[in-house]
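Asker: Let me give you the structure first, and then I'll get to my questions.
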Amino acid sequence: MRVAVLGSGNGGLAVAFDFAQHEHEVALFDLPGFEANLIAVSEAGGIHAGGDLEGFAPVRYAGHDAREALTDAELVVVVGPAYATEPLAAAARGHLAPGSAVLVCPSSCAGAIAFKQASGLDLADESITVGETSTLPYAVRVTHPGTIKVFLKLTAGISLAGLPRSGTARLLDLVAGVYPGMEAAGSVMQTTLQNGNPVIHPAVTLLNAGLIERTHGGFLFYEEGVTEGVGRLIEAVDRERLAIAAALGVRVLSEPALGVRQGYMVEENYSTGYSTAPGFLGIGAQKQLDNRYLTEDVGYSLVFLTDLAGRLGIPTPVMDSVVAIASVVLARDFRAEAARTLDTLGLGHLSAVELAAL
């Protein structure tokens, strides 16, 4: 199968490596301004990996030419933070052929909806199958340009949904060889709400803000960054996320329950469950506060979740506080920016029942 991976960061390299190692013909694309990994992969002819995935996997193309990357691609995998979804979709616009399929991996925050909107596709359009995953299937970091360390590849606890839902089965079939443990989700609302990043990352980041700025990330994010107090904040955010899901009629697991199912964690609790998690061992903290753990997980995900909660009549005082504090810390107003809300996604006119039916 010919596969195009859009996004050349940690996740993009892992997805490209995995599909290539499974003998698919892979092209890697990213927007101008993201050169380092593309140049290294192009010069080497592929991607080097160590850890849970190992070896060298060939890549047929790595560069900024969307037409070259997307021509005849049966599957397009969009991999990146929430703020990359629309720009990557815009780059793909005009290069997606009827009958092809697009998977936003991970959803991050209503990723399939954002992709369809930015690429000019109606939400009900079935000519191109579009869907999203609940999370990235890897804990992974780039160690050198074109080289990754995979701390863990998930074999369970990861789900996928098509938009519309009729596309779910086809997407599952396309990725089954690489992700045999992938499961069908009920809807893109389920995959979006099951994403745990906005539950974990902002809490750990904000409660370790001084340490991050003093050491420039010189500590282990989970092992040293998650204490009992940090765990209580994670739990409080998670309770609100679960309440939003329940009000929408969507079943999602608590974050530690999902972590145990995915193989990241062995303890189903909000403190030592993370600090002793086998899947998180050795993962360092970010070098600065201006990082996707706040700019994405607050600026997009928590802003969206609190907006959705308001539509459903669910109070979210803890999430609201995290949004407010993150805004102060980074000297920007995430709420006013409204990077992703029901209105920006074109969903502002939908009722709770209609949102649940997506």
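Here's how to read the names in the structure tokens: chain A, B, ... by the order shown, residue numbers from 1 in each chain, ligand numbers from 1 in the order shown.
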So that I can check the surroundings of range 103-108 of chain A, please list as number ranges by chain every protein, DNA and RNA residue that reaches within 7 Å of it, counting only C-alpha atoms and ignoring chain neighbours fewer than 4 positions away.

Answerer: A: 76-79, 81-82, 112, 130-136, 191-192, 195

Asker: Would you write out those residues with N, CA and C atoms, as an mmCIF file, in the first residue's frame?

Answerer:
data_model
loop_
_atom_site.group_PDB
_atom_site.id
_atom_site.type_symbol
_atom_site.label_atom_id
_atom_site.label_comp_id
_atom_site.auth_asym_id
_atom_site.auth_seq_id
_atom_site.Cartn_x
_atom_site.Cartn_y
_atom_site.Cartn_z
ATOM 1 N N VAL A 76 -3.493 8.286 3.932
ATOM 2 C CA VAL A 76 -2.766 9.471 4.376
ATOM 3 C C VAL A 76 -2.904 9.546 5.891
ATOM 4 N N VAL A 77 -1.783 9.577 6.590
ATOM 5 C CA VAL A 77 -1.809 9.657 8.050
ATOM 6 C C VAL A 77 -1.281 11.028 8.458
ATOM 7 N N VAL A 78 -2.125 11.797 9.119
ATOM 8 C CA VAL A 78 -1.786 13.159 9.550
ATOM 9 C C VAL A 78 -1.342 13.075 11.004
ATOM 10 N N VAL A 79 -0.069 13.375 11.250
ATOM 11 C CA VAL A 79 0.501 13.172 12.586
ATOM 12 C C VAL A 79 1.134 14.465 13.082
ATOM 13 N N PRO A 81 0.694 17.862 16.410
ATOM 14 C CA PRO A 81 -0.152 18.507 17.423
ATOM 15 C C PRO A 81 -1.389 19.111 16.777
ATOM 16 N N ALA A 82 -2.343 19.505 17.599
ATOM 17 C CA ALA A 82 -3.614 20.023 17.092
ATOM 18 C C ALA A 82 -3.419 21.218 16.169
ATOM 19 N N ALA A 112 -10.444 14.980 13.143
ATOM 20 C CA ALA A 112 -11.089 14.635 11.872
ATOM 21 C C ALA A 112 -11.998 15.764 11.406
ATOM 22 N N VAL A 130 -12.354 9.788 6.081
ATOM 23 C CA VAL A 130 -11.574 10.550 7.063
ATOM 24 C C VAL A 130 -11.922 10.056 8.459
ATOM 25 N N GLY A 131 -10.916 9.896 9.288
ATOM 26 C CA GLY A 131 -11.157 9.475 10.666
ATOM 27 C C GLY A 131 -10.026 9.906 11.573
ATOM 28 N N GLU A 132 -10.064 9.463 12.815
ATOM 29 C CA GLU A 132 -9.064 9.856 13.801
ATOM 30 C C GLU A 132 -8.857 8.755 14.828
ATOM 31 N N THR A 133 -7.708 8.787 15.489
ATOM 32 C CA THR A 133 -7.430 7.855 16.578
ATOM 33 C C THR A 133 -7.508 8.600 17.909
ATOM 34 N N SER A 134 -7.731 7.842 18.967
ATOM 35 C CA SER A 134 -7.859 8.450 20.290
ATOM 36 C C SER A 134 -6.529 8.959 20.814
ATOM 37 N N THR A 135 -5.428 8.350 20.397
ATOM 38 C CA THR A 135 -4.112 8.773 20.862
ATOM 39 C C THR A 135 -3.065 8.330 19.854
ATOM 40 N N LEU A 136 -1.858 8.816 20.018
ATOM 41 C CA LEU A 136 -0.739 8.346 19.214
ATOM 42 C C LEU A 136 -0.353 6.959 19.712
ATOM 43 N N THR A 191 -13.365 9.340 20.516
ATOM 44 C CA THR A 191 -11.914 9.374 20.363
ATOM 45 C C THR A 191 -11.336 10.676 20.909
ATOM 46 N N THR A 192 -12.020 11.787 20.681
ATOM 47 C CA THR A 192 -11.549 13.069 21.191
ATOM 48 C C THR A 192 -11.570 13.105 22.715
ATOM 49 N N ASN A 195 -8.803 11.069 24.686
ATOM 50 C CA ASN A 195 -7.423 11.548 24.677
ATOM 51 C C ASN A 195 -7.034 12.104 26.043
#

Asker: Near Arg332 in chain A, counting only C-alpha atoms, which residues have an atom at most 10 Å away, once you skip same-chain residues fewer than 6 positions from it, shown as a PyMOL selection string?

Answerer: chain A and resi 295+299+324+326

Asker: Taking the DSSP secondary structure from the backbone, can you list the residues of range 30-168 of chain A that are strand (DSSP E), as an MDAnalysis selection string?

Answerer: chainID A and resid 46:51 55:58 61:63 75:78 101:104 129:133 138:144 147:153 159:162

Asker: Determine the nearest neighbour of Asp18 in chain A from the options A:Gly80, A:Gly162, A:Gly177, A:Gly146, counting only C-alpha atoms.

Answerer: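 That would be A:Gly177, the residue with the smallest distance to Asp18 in chain A.
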
Asker: Hey, could you make a per-residue contact list for range 42-143 of chain A against range 263-267 of chain A with 12 Å as the cut-off, showing the nearest pair of atoms and its distance in Å to one decimal, counting only C-alpha atoms, sorted by chain and number, as CSV?

Answerer:
residue,atom,partner,partner_atom,distance
A:Pro137,CA,A:Tyr264,CA,11.2
A:Tyr138,CA,A:Tyr264,CA,10.1
A:Ala139,CA,A:Tyr264,CA,8.9

Asker: Can you write out the residues you just picked, keeping N, CA, C and O atoms, as a short mmCIF file (atom, residue, chain, number, x, y, z; two decimals), in the first residue's frame?

Answerer:
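In the end it all went to result20.cif:
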data_model
loop_
_atom_site.label_atom_id
_atom_site.label_comp_id
_atom_site.auth_asym_id
_atom_site.auth_seq_id
_atom_site.Cartn_x
_atom_site.Cartn_y
_atom_site.Cartn_z
N PRO A 137 -0.11 6.00 18.82
CA PRO A 137 0.19 4.64 19.27
C PRO A 137 1.59 4.43 19.83
O PRO A 137 2.01 3.30 20.03
N TYR A 138 2.32 5.51 20.09
CA TYR A 138 3.71 5.38 20.53
C TYR A 138 4.02 6.40 21.63
O TYR A 138 3.52 7.52 21.60
N ALA A 139 4.90 6.00 22.55
CA ALA A 139 5.65 6.96 23.35
C ALA A 139 7.00 7.03 22.67
O ALA A 139 7.75 6.05 22.64
#

Asker: Out of A:Thr168, A:Asn269, A:Thr344, A:Asn291, which residue has the shortest atom-to-atom distance to Ala209 in chain A when counting only C-alpha atoms?

Answerer: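 Smallest distance to Ala209 in chain A is found for A:Asn291.
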
Asker: Have a look at CA of Ala4 in chain A and CA of Leu88 in chain A and let me know their distance in Å, one decimal.

Answerer: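 One can read the CA of Ala4 in chain A to CA of Leu88 in chain A distance as 11.9 Å.
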
Asker: Excluding same-chain residues fewer than 3 positions from Leu355 in chain A, what lies within 12 Å of it counting only C-alpha atoms, as a list of chain:residue names?

Answerer: A:Ala110, A:Ile113, A:Ser187, A:Val188, A:Met189, A:Gln190, A:Ala245, A:Ala247, A:Leu248, A:Gly249, A:Val250, A:Leu308, A:Ala309, A:Arg311, A:Leu312, A:Leu342, A:Leu345, A:Gly346, A:Leu347, A:Gly348, A:His349, A:Leu350, A:Ser351, A:Ala352, A:Leu358

Asker: Next, the residues of the selection above should be written as a compact mmCIF listing (two decimals), in the first residue's frame with C-alpha atoms.

Answerer:
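Final output, saved to part_1.txt:
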# COMPACT_ATOMS: atom_id res chain seq x y z
CA ALA A 110 -11.65 16.90 17.11
CA ILE A 113 -13.57 17.52 12.01
CA SER A 187 -17.74 8.24 17.25
CA VAL A 188 -15.16 10.98 16.86
CA MET A 189 -16.52 12.48 20.07
CA GLN A 190 -15.42 9.31 21.84
CA ALA A 245 -18.33 12.43 28.31
CA ALA A 247 -23.34 14.16 29.65
CA LEU A 248 -22.75 13.51 25.96
CA GLY A 249 -23.56 9.82 26.36
CA VAL A 250 -20.01 8.79 25.43
CA LEU A 308 -18.29 21.75 24.98
CA ALA A 309 -18.99 21.46 28.72
CA ARG A 311 -23.01 23.62 25.88
CA LEU A 312 -23.84 20.56 27.97
CA LEU A 342 -17.58 24.47 18.62
CA LEU A 345 -15.26 23.84 13.94
CA GLY A 346 -18.59 24.87 12.44
CA LEU A 347 -20.50 22.97 15.13
CA GLY A 348 -21.90 25.91 17.07
CA HIS A 349 -25.42 25.38 15.73
CA LEU A 350 -25.61 21.72 16.80
CA SER A 351 -27.53 20.53 19.84
CA ALA A 352 -26.07 18.12 22.38
CA LEU A 358 -21.43 12.84 14.88

Asker: Have a look at A:Ala357, A:Ala101, A:Leu305, A:Leu31 and name the one nearest to Val199 in chain A; count only C-alpha atoms.

Answerer: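 Between A:Ala357, A:Ala101, A:Leu305, A:Leu31, the residue approaching Val199 in chain A most closely is A:Leu305.
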
Asker: Of the residues A:Arg261, A:Ala89, A:Met182, A:Asp290, which is the one nearest to Gly217 in chain A, using only C-alpha atoms?

Answerer: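 Among A:Arg261, A:Ala89, A:Met182, A:Asp290, it is A:Asp290 that comes nearest to Gly217 in chain A.
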